[in-house]
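Q: Supplied in structure tokens, the structure appears directly below.
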Number of protein chains: 2
Amino acid sequence: MRFGVNHTPSVGWFHSWLDFSPSDTARDLEQIASLGADHVRIFPLWPVVQPNRTLIRQSALRDVATVVDIAGSFGLDVNVDALQGHLSSFDFVPSWLDSWHRRNMFTDPEVVASTAAYVEALAAAVADKPNLLGITIGNEVNQFAHAPHPAPHDITAEQGHAWAAAMVAAARRGLAGASGASGAAGASGASGASGLEARHGSAPLVTVAQYDAAWYDDAQPFGPEHAADHGDATVTHSWVFNGSAALHGALGPGSVRHGEYLLQLAAAWNRDPARPNWLQEVGAPTNVVDPDDAAAFTEQTIRHVLDTQQALGVTWWCSHDVSRSLADFPELEYDLGLFTNDGRLKPAGEAFAALARSAGHRAVTPAAPTSTALVLDDVLPDGSDRAGVRADCAPGGRFAAAWLDLAVQAPDGRGPQVVLRSRTSDTALLDARGITRCVEVPDDTPTAARLSVAHPATMA
Amino acid sequence: MRFGVNHTPSVGWFHSWLDFSPSDTARDLEQIASLGADHVRIFPLWPVVQPNRTLIRQSALRDVATVVDIAGSFGLDVNVDALQGHLSSFDFVPSWLDSWHRRNMFTDPEVVASTAAYVEALAAAVADKPNLLGITIGNEVNQFAHAPHPAPHDITAEQGHAWAAAMVAAARRGLAGASGASGAAGASGASGASGLEARHGSAPLVTVAQYDAAWYDDAQPFGPEHAADHGDATVTHSWVFNGSAALHGALGPGSVRHGEYLLQLAAAWNRDPARPNWLQEVGAPTNVVDPDDAAAFTEQTIRHVLDTQQALGVTWWCSHDVSRSLADFPELEYDLGLFTNDGRLKPAGEAFAALARSAGHRAVTPAAPTSTALVLDDVLPDGSDRAGVRADCAPGGRFAAAWLDLAVQAPDGRGPQVVLRSRTSDTALLDARGITRCVEVPDDTPTAARLSVAHPATMA
């Protein structure tokens, strides 16, 4: 079980890439390491690294590599995200893809090729670092693929698969090329490295990160299969401003178990039962979690994740509060840090540290899976795809409610696994997952009024 | 008469601000100075300097100041443009003004205040430089105010005036504050420094630059009055891909006199007859000017401008060809340099240099004005504004055709002045302008088919 933190630079936020300071970076990372974290996730800004479609700035790649080295000096592994893209309500899209030069970022052949060139170059720049945890294609790039984005690059699910495959392949090329060998990750195909080998010294992971519309919004072109079918682990981002906290209260089980629930959903869609699942983002947003409850929310959220089978780890959002000297962030974004902007540890940070120190370094024996699985109706009786599956899974949806009921009633406190209806007859899969009992969603499951999936950028 | 060049950095184009190199800059500027130019115009990128609405990067301001100093070491004055904004088909808009954070850039109070803060800070950063020619609010910012921009920030003409006034005031504050005195420019109000005093050692000019839709497109919110009523000089940008070359041929009088014509239009709208007019951009675009004709086009264009009354100067676009290693520029943008990308002087550069050396350093006696003025019907007989004035002035329009006829027939080869119908009875103004004869547009003036005002970004 990995414990990590998303690094939000305390000086200049991500604009600090424009004034890269190794000492500022070192101070932040030293503080993060002091929590007992074993890794950080870092976020170069796409237009800063690739300001022209055919110009990838070597100095920017060197800065990223330097951050990885500095992190290593504090014992931290690093996951590098490529396409930002989107961060905390701000979109960073290169001028060669915007305005007069707008083209579909997921399907235009020149754009895709050049985007892949960036992903490959970034991966190559850090491939040889012994503390490289992995490469994520980008932070929640699926935000750009559909409404409510104000100017979405609309695509089909198939086009989303082609794009994700191209980006994962580019990252693998970068990782393989720089090391001069094909490498385990490079040779392992779409499923990549399997199991829970992702730790210091093993092959870096390649991952695709999505915001939770992938799991909850049937109209979002990137869905569960995009999460489960590409790269080496299935990534989830848990934000309870999506309706969970409004429905269940900040400390209600539907909120503090939301991260756990997403990991179980992720596992249901994995084709390889050994594929790890990574809660890559989770935080305590003050618009729905009172700051006084942040520590309890953090502690309970992580505890529920700890015993989830095949959990690669949890990476908290985020390290440092955003400085109030920076304007226009949604209010909640200013207060998500485990540290204040000037480096004082907050109660949520204390809660995180206590868990990271006690649980982070224990033997990495995967948790035994729970033997009960709730069946998710992904197909109709005739085997055809069923519409509305994701709405059922969303906070307040019928499936989500049933899962939560089972989780709350479980004697051992662990939520059930999830199995797709289309796979219930795959006994090998069920065996591998340790599932001995499949449970149906009760007919009388109450459903809350459907809440629209909120987007954080719209929250002042 | 000032001779200058718009500096397009040979290494990395304007993305070079991300990797600022004094030596690369010095090489470019030394080459420009070798032409006999007396000034350059430079273009910081807005999102690089002000990546968050309340974060103005001091290091970026220092880089701009360093460029001004380097230019001074080669005897070059410098005009600094603030809001880029738009350059050669690429829009550079900060993330705090785009996508989820999109607000009207001309009217939103927070946006306008923060934009003004940037203009002020930039002006203050260079205010004390003895070789500062001036501050331009931004390069053709009016492109963002209306179609054909793909996502225009629509405004009224009045809102455009308020915005321009706020930006000019901000620049004056920056210039005045840094010098510790109110300064001539700071104290002179909207008209600012008058006459042809804008040269080394005089007060820096504040100017507002617009693309030619301001003169030719009646739907564009920024019009002639925005050019003539704000700042210290009236700026024109002459690009014959606007229909001039298509109608008249690249070396036809309607093309090589287009810069002269715009200066005469500008003078017509000035309320102060002593206000200088600046042909701040003019170039030989290869989509309509054959490279073999570029030198002749350059030579003839500049010669026609030389004897225009109240002409502050001409600033050629541009210094260096864009490297073919950079993608997605409209084809014409790669070949506009007086130098190749690797620093070889091109025939157009030789033509520019010959004129700059012979004419640039002569006594700055303003040319005597031509005594004939063509009347532009800006008002109806009842004194109300007349619709379609700008369409008449556009290439192929009735007024443009009549002006060109008079210019071609003039014994001294100088085009007529232009006087607004609404000002023909202002004898003091006519006296000050040296106008002794007002000529009407002949009833039988043939008009060409109206060409839409083309936008360079749409030209592959």
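Starting from 1 in every chain, residues are counted up; chains themselves are A, B, ... following the order of the structure tokens, and ligands are numbered from 1 as listed.
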Excluding same-chain residues fewer than 5 positions from B:Ala170, what lies within 12 Å of it counting only C-alpha atoms, as JSON, numbers by chain?
A: {"B": [82, 112, 113, 114, 115, 116, 117, 118, 119, 120, 121, 122, 123, 124, 135, 136, 137, 163, 164, 165, 175, 176, 177, 185, 186, 206, 207, 231]}
Q: Would you mind listing, as a PyMOL selection string, all residues of chain B that have at least one atom within 6 Å of chain A, where only C-alpha atoms are what counts?
A: chain B and resi 53-54+90-91+95+326-327
Q: Using N, CA and C atoms, can you write the selected residues to a file as a PDB file, in the first residue's frame?
A:
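Wrote result_0.pdb, looks like this:
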```
ATOM      1  N   ARG B  53      -4.109  35.849 -12.485  1.00  0.00           N
ATOM      2  CA  ARG B  53      -4.588  37.230 -12.580  1.00  0.00           C
ATOM      3  C   ARG B  53      -3.863  38.154 -11.617  1.00  0.00           C
ATOM      4  N   THR B  54      -3.443  37.614 -10.494  1.00  0.00           N
ATOM      5  CA  THR B  54      -2.767  38.463  -9.511  1.00  0.00           C
ATOM      6  C   THR B  54      -1.283  38.100  -9.351  1.00  0.00           C
ATOM      7  N   PHE B  90      -1.485  32.974 -33.761  1.00  0.00           N
ATOM      8  CA  PHE B  90      -1.598  32.319 -32.452  1.00  0.00           C
ATOM      9  C   PHE B  90      -2.137  33.289 -31.398  1.00  0.00           C
ATOM     10  N   ASP B  91      -3.118  32.825 -30.651  1.00  0.00           N
ATOM     11  CA  ASP B  91      -3.630  33.606 -29.525  1.00  0.00           C
ATOM     12  C   ASP B  91      -3.000  33.103 -28.235  1.00  0.00           C
ATOM     13  N   SER B  95      -4.814  31.429 -18.731  1.00  0.00           N
ATOM     14  CA  SER B  95      -5.826  30.454 -18.324  1.00  0.00           C
ATOM     15  C   SER B  95      -6.899  31.100 -17.444  1.00  0.00           C
ATOM     16  N   LEU B 326       9.288  25.125 -36.555  1.00  0.00           N
ATOM     17  CA  LEU B 326       8.079  25.410 -35.780  1.00  0.00           C
ATOM     18  C   LEU B 326       6.862  25.197 -36.673  1.00  0.00           C
ATOM     19  N   ALA B 327       5.846  24.554 -36.107  1.00  0.00           N
ATOM     20  CA  ALA B 327       4.700  24.113 -36.916  1.00  0.00           C
ATOM     21  C   ALA B 327       3.536  25.085 -36.852  1.00  0.00           C
TER      22      ALA B 327
END
```
Q: Name the residues in contact with stretch 296-299 of chain A at a cut-off of 8 Å, using only C-alpha atoms, excluding same-chain residues fewer than 6 positions from it; report them as a compact mmCIF listing (two decimals) with all heavy atoms, in the first residue's frame.
A:
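Written file, around.txt:
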```txt
# COMPACT_ATOMS: atom_id res chain seq x y z
N ALA A 250 -20.83 14.94 5.21
CA ALA A 250 -19.38 14.87 4.99
C ALA A 250 -18.78 13.63 5.63
O ALA A 250 -17.85 13.03 5.08
CB ALA A 250 -18.71 16.12 5.53
N LEU A 251 -19.29 13.24 6.79
CA LEU A 251 -18.71 12.09 7.48
C LEU A 251 -19.63 10.87 7.40
O LEU A 251 -19.39 9.86 8.08
CB LEU A 251 -18.39 12.45 8.93
CG LEU A 251 -17.33 13.56 9.09
CD1 LEU A 251 -17.07 13.83 10.58
CD2 LEU A 251 -16.04 13.20 8.37
N VAL A 256 -17.19 8.98 3.33
CA VAL A 256 -15.88 8.49 3.74
C VAL A 256 -15.58 7.12 3.12
O VAL A 256 -14.45 6.64 3.20
CB VAL A 256 -15.74 8.43 5.28
CG1 VAL A 256 -15.90 9.82 5.86
CG2 VAL A 256 -16.74 7.44 5.89
N GLY A 283 -9.49 14.06 -1.68
CA GLY A 283 -9.24 15.19 -0.80
C GLY A 283 -10.50 15.56 -0.04
O GLY A 283 -11.55 14.95 -0.24
N ALA A 284 -10.37 16.52 0.84
CA ALA A 284 -11.46 16.94 1.72
C ALA A 284 -11.87 18.36 1.34
O ALA A 284 -11.38 19.33 1.91
CB ALA A 284 -11.02 16.89 3.18
N VAL A 289 -17.05 19.60 3.11
CA VAL A 289 -16.46 19.03 4.33
C VAL A 289 -15.97 20.20 5.19
O VAL A 289 -15.06 20.92 4.81
CB VAL A 289 -15.28 18.09 4.01
CG1 VAL A 289 -14.71 17.52 5.30
CG2 VAL A 289 -15.70 16.96 3.07
N ALA A 348 -5.64 17.58 9.03
CA ALA A 348 -5.75 16.50 8.04
C ALA A 348 -4.38 15.92 7.72
O ALA A 348 -4.24 14.71 7.48
CB ALA A 348 -6.41 17.03 6.76
N ALA A 351 -3.49 13.52 10.42
CA ALA A 351 -4.22 12.26 10.25
C ALA A 351 -3.58 11.42 9.15
O ALA A 351 -3.39 10.20 9.29
CB ALA A 351 -5.69 12.54 9.91
N PHE A 352 -3.24 12.07 8.05
CA PHE A 352 -2.59 11.36 6.95
C PHE A 352 -1.27 10.76 7.42
O PHE A 352 -0.97 9.59 7.15
CB PHE A 352 -2.36 12.32 5.78
CG PHE A 352 -1.60 11.70 4.63
CD1 PHE A 352 -2.27 11.10 3.58
CD2 PHE A 352 -0.20 11.70 4.61
CE1 PHE A 352 -1.58 10.51 2.53
CE2 PHE A 352 0.50 11.11 3.57
CZ PHE A 352 -0.18 10.52 2.52
N LEU A 355 -1.48 7.61 9.62
CA LEU A 355 -1.79 6.40 8.85
C LEU A 355 -0.62 5.98 7.97
O LEU A 355 -0.34 4.79 7.82
CB LEU A 355 -3.05 6.64 8.00
CG LEU A 355 -4.33 6.65 8.82
CD1 LEU A 355 -5.44 7.38 8.09
CD2 LEU A 355 -4.76 5.21 9.12
```
Q: Please determine, counting only C-alpha atoms, which residue among A:Leu345, A:Val408, A:Leu420, A:Leu306 has the shortest atom-to-atom distance to A:Asp385.
A: A:Leu420
Q: Enter the distance from atom CA of B:His226 to atom CA of B:Ala145, in Å, rounded to one decimal.
A: 12.8 Å
Q: Of the residues B:Thr236, B:Ser34, B:Thr156, B:Ser422, which is the one nearest to B:Ala219, using only C-alpha atoms?
A: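 Of all the options, B:Thr156 lies closest to B:Ala219.
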Q: Could you work out how far atom CA of A:Gly85 lies from atom CA of B:His146, giving the answer in Å with one decimal?
A: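 Result for atom CA of B:His146 versus atom CA of A:Gly85: 27.0 Å, one decimal.
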Q: Excluding B:Gly160 and any residue of its chain fewer than 2 positions from it, enumerate the residues within 12 Å of it, using only C-alpha atoms, and give them as a ChimeraX atom specification.
A: /B:104-107,112,141-142,144-146,153-158,162-167,208,210,214,220-227,229-230
Q: Can I get the selection written as a tab-separated table (two decimals), in the first residue's frame, with N, CA, C and O atoms?
A:
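Output saved as out26.tsv:
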```tsv
chain	number	residue	atom	x	y	z
B	104	ASN	N	-15.54	38.46	-20.17
B	104	ASN	CA	-15.24	39.42	-21.23
B	104	ASN	C	-13.97	40.18	-20.90
B	104	ASN	O	-13.85	40.82	-19.85
B	105	MET	N	-12.99	40.09	-21.78
B	105	MET	CA	-11.68	40.68	-21.49
B	105	MET	C	-11.70	42.19	-21.55
B	105	MET	O	-10.78	42.82	-21.03
B	106	PHE	N	-12.73	42.77	-22.14
B	106	PHE	CA	-12.77	44.23	-22.27
B	106	PHE	C	-13.68	44.90	-21.24
B	106	PHE	O	-13.57	46.10	-21.02
B	107	THR	N	-14.58	44.13	-20.64
B	107	THR	CA	-15.57	44.78	-19.78
B	107	THR	C	-15.63	44.23	-18.36
B	107	THR	O	-16.11	44.94	-17.47
B	112	VAL	N	-10.39	43.71	-16.34
B	112	VAL	CA	-9.84	44.99	-16.81
B	112	VAL	C	-8.85	45.55	-15.78
B	112	VAL	O	-7.77	46.01	-16.14
B	141	VAL	N	-5.14	44.05	-30.35
B	141	VAL	CA	-6.06	43.44	-29.38
B	141	VAL	C	-7.50	43.47	-29.89
B	141	VAL	O	-8.32	42.64	-29.49
B	142	ASN	N	-7.78	44.41	-30.81
B	142	ASN	CA	-9.15	44.48	-31.33
B	142	ASN	C	-9.54	43.20	-32.08
B	142	ASN	O	-10.72	42.97	-32.32
B	144	PHE	N	-9.70	40.44	-30.81
B	144	PHE	CA	-10.50	39.64	-29.88
B	144	PHE	C	-11.92	40.18	-29.70
B	144	PHE	O	-12.73	39.55	-29.04
B	145	ALA	N	-12.20	41.35	-30.28
B	145	ALA	CA	-13.46	42.05	-29.96
B	145	ALA	C	-14.60	41.73	-30.90
B	145	ALA	O	-15.72	42.20	-30.68
B	146	HIS	N	-14.36	40.95	-31.95
B	146	HIS	CA	-15.44	40.71	-32.92
B	146	HIS	C	-15.07	39.57	-33.85
B	146	HIS	O	-13.91	39.18	-33.94
B	153	HIS	N	-14.87	38.38	-27.83
B	153	HIS	CA	-15.39	39.03	-26.62
B	153	HIS	C	-16.17	40.27	-27.09
B	153	HIS	O	-15.62	41.37	-27.11
B	154	ASP	N	-17.42	40.07	-27.44
B	154	ASP	CA	-18.16	41.16	-28.07
B	154	ASP	C	-18.37	42.33	-27.12
B	154	ASP	O	-18.68	42.14	-25.94
B	155	ILE	N	-18.23	43.52	-27.69
B	155	ILE	CA	-18.42	44.75	-26.92
B	155	ILE	C	-19.01	45.81	-27.84
B	155	ILE	O	-19.08	45.64	-29.05
B	156	THR	N	-19.40	46.93	-27.23
B	156	THR	CA	-19.82	48.09	-28.00
B	156	THR	C	-18.62	49.01	-28.21
B	156	THR	O	-17.58	48.87	-27.56
B	157	ALA	N	-18.80	49.96	-29.12
B	157	ALA	CA	-17.74	50.94	-29.35
B	157	ALA	C	-17.44	51.73	-28.07
B	157	ALA	O	-16.28	51.99	-27.74
B	158	GLU	N	-18.48	52.05	-27.32
B	158	GLU	CA	-18.28	52.78	-26.06
B	158	GLU	C	-17.44	51.97	-25.09
B	158	GLU	O	-16.56	52.49	-24.40
B	162	ALA	N	-13.81	52.84	-23.28
B	162	ALA	CA	-13.51	52.76	-21.84
B	162	ALA	C	-12.30	51.86	-21.59
B	162	ALA	O	-11.42	52.18	-20.78
B	163	TRP	N	-12.26	50.75	-22.31
B	163	TRP	CA	-11.12	49.83	-22.14
B	163	TRP	C	-9.81	50.49	-22.59
B	163	TRP	O	-8.81	50.44	-21.87
B	164	ALA	N	-9.83	51.09	-23.77
B	164	ALA	CA	-8.60	51.71	-24.28
B	164	ALA	C	-8.13	52.82	-23.34
B	164	ALA	O	-6.92	52.94	-23.06
B	165	ALA	N	-9.08	53.59	-22.84
B	165	ALA	CA	-8.70	54.67	-21.92
B	165	ALA	C	-8.08	54.11	-20.65
B	165	ALA	O	-7.08	54.63	-20.12
B	166	ALA	N	-8.65	53.01	-20.15
B	166	ALA	CA	-8.11	52.40	-18.93
B	166	ALA	C	-6.70	51.87	-19.16
B	166	ALA	O	-5.82	52.00	-18.30
B	167	MET	N	-6.47	51.27	-20.31
B	167	MET	CA	-5.14	50.71	-20.59
B	167	MET	C	-4.11	51.81	-20.80
B	167	MET	O	-2.97	51.72	-20.31
B	208	VAL	N	-2.13	52.64	-29.02
B	208	VAL	CA	-3.11	51.56	-29.13
B	208	VAL	C	-3.05	51.05	-30.57
B	208	VAL	O	-3.22	51.83	-31.51
B	210	GLN	N	-4.23	48.45	-33.66
B	210	GLN	CA	-5.39	47.68	-34.12
B	210	GLN	C	-5.10	47.09	-35.50
B	210	GLN	O	-4.36	47.66	-36.27
B	214	ALA	N	-10.39	47.88	-37.97
B	214	ALA	CA	-10.75	49.15	-37.33
B	214	ALA	C	-11.06	50.23	-38.39
B	214	ALA	O	-11.92	51.09	-38.17
B	220	GLN	N	-16.69	46.13	-36.67
B	220	GLN	CA	-15.64	46.00	-35.66
B	220	GLN	C	-15.82	47.10	-34.60
B	220	GLN	O	-15.85	48.29	-34.93
B	221	PRO	N	-15.95	46.70	-33.31
B	221	PRO	CA	-16.22	47.72	-32.27
B	221	PRO	C	-15.12	48.76	-32.13
B	221	PRO	O	-15.40	49.91	-31.79
B	222	PHE	N	-13.87	48.35	-32.32
B	222	PHE	CA	-12.78	49.33	-32.29
B	222	PHE	C	-12.66	49.94	-33.68
B	222	PHE	O	-12.42	49.22	-34.67
B	223	GLY	N	-12.82	51.24	-33.76
B	223	GLY	CA	-12.81	51.91	-35.06
B	223	GLY	C	-11.77	53.01	-35.12
B	223	GLY	O	-10.87	53.09	-34.28
B	224	PRO	N	-11.90	53.86	-36.13
B	224	PRO	CA	-10.94	54.95	-36.31
B	224	PRO	C	-10.82	55.85	-35.09
B	224	PRO	O	-9.72	56.32	-34.76
B	225	GLU	N	-11.94	56.06	-34.40
B	225	GLU	CA	-11.85	56.96	-33.24
B	225	GLU	C	-11.06	56.33	-32.10
B	225	GLU	O	-10.42	57.04	-31.32
B	226	HIS	N	-11.12	55.02	-31.99
B	226	HIS	CA	-10.29	54.38	-30.97
B	226	HIS	C	-8.82	54.54	-31.30
B	226	HIS	O	-7.97	54.70	-30.41
B	227	ALA	N	-8.51	54.52	-32.59
B	227	ALA	CA	-7.12	54.71	-32.99
B	227	ALA	C	-6.67	56.15	-32.76
B	227	ALA	O	-5.53	56.40	-32.35
B	229	ASP	N	-8.18	58.65	-30.84
B	229	ASP	CA	-8.52	59.38	-29.61
B	229	ASP	C	-7.76	58.91	-28.38
B	229	ASP	O	-7.92	59.49	-27.31
B	230	HIS	N	-6.99	57.86	-28.50
B	230	HIS	CA	-6.29	57.33	-27.32
B	230	HIS	C	-4.78	57.34	-27.56
B	230	HIS	O	-4.32	57.06	-28.67
```
Q: Expressed in Å to a single decimal, how great is the separation between atom CA of B:Ala391 and atom CA of B:Ala407?
A: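 A separation of 19.6 Å between them.
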Q: Give me, as a ChimeraX atom specification, all polymer residues having an atom no more than 12 Å from B:Gly349, counting only C-alpha atoms and skipping those fewer than 6 positions away in the same chain.
A: /B:4-5,31-37,283-284,294-299,316-321,335-340,343,355-357
Q: I'd like to know which of B:Ala268, B:Val389, B:Met1, B:Leu374 is closest to B:Ser358, using only C-alpha atoms.
A: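 Smallest distance to B:Ser358 is found for B:Met1.
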Q: Using only C-alpha atoms, which of A:Asp382, A:Asp232, A:Asp217, A:Asp307 sits nearest A:Pro276?
A: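 Using only C-alpha atoms, A:Pro276 sits closest to A:Asp232.
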Q: Enumerate the residues of stretch 217-394 of chain A with a DSSP assignment of strand (DSSP E or B), computed from the backbone, and present them as a VMD selection string.
A: chain A and resid 234 to 238 277 to 282 311 to 317 320 339 345 372 to 376 379 385
Q: Using only C-alpha atoms, which residue out of B:Arg172, B:Ala401, B:Tyr334, B:Arg433 lies closest to B:Ala373?
A: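 Closest residue, counting only C-alpha atoms: B:Arg433.
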Q: When distances are computed from only C-alpha atoms, which of A:Gln280, A:Val288, A:Pro47, A:Ala228 shows the smallest separation from A:Val80?
A: A:Gln280
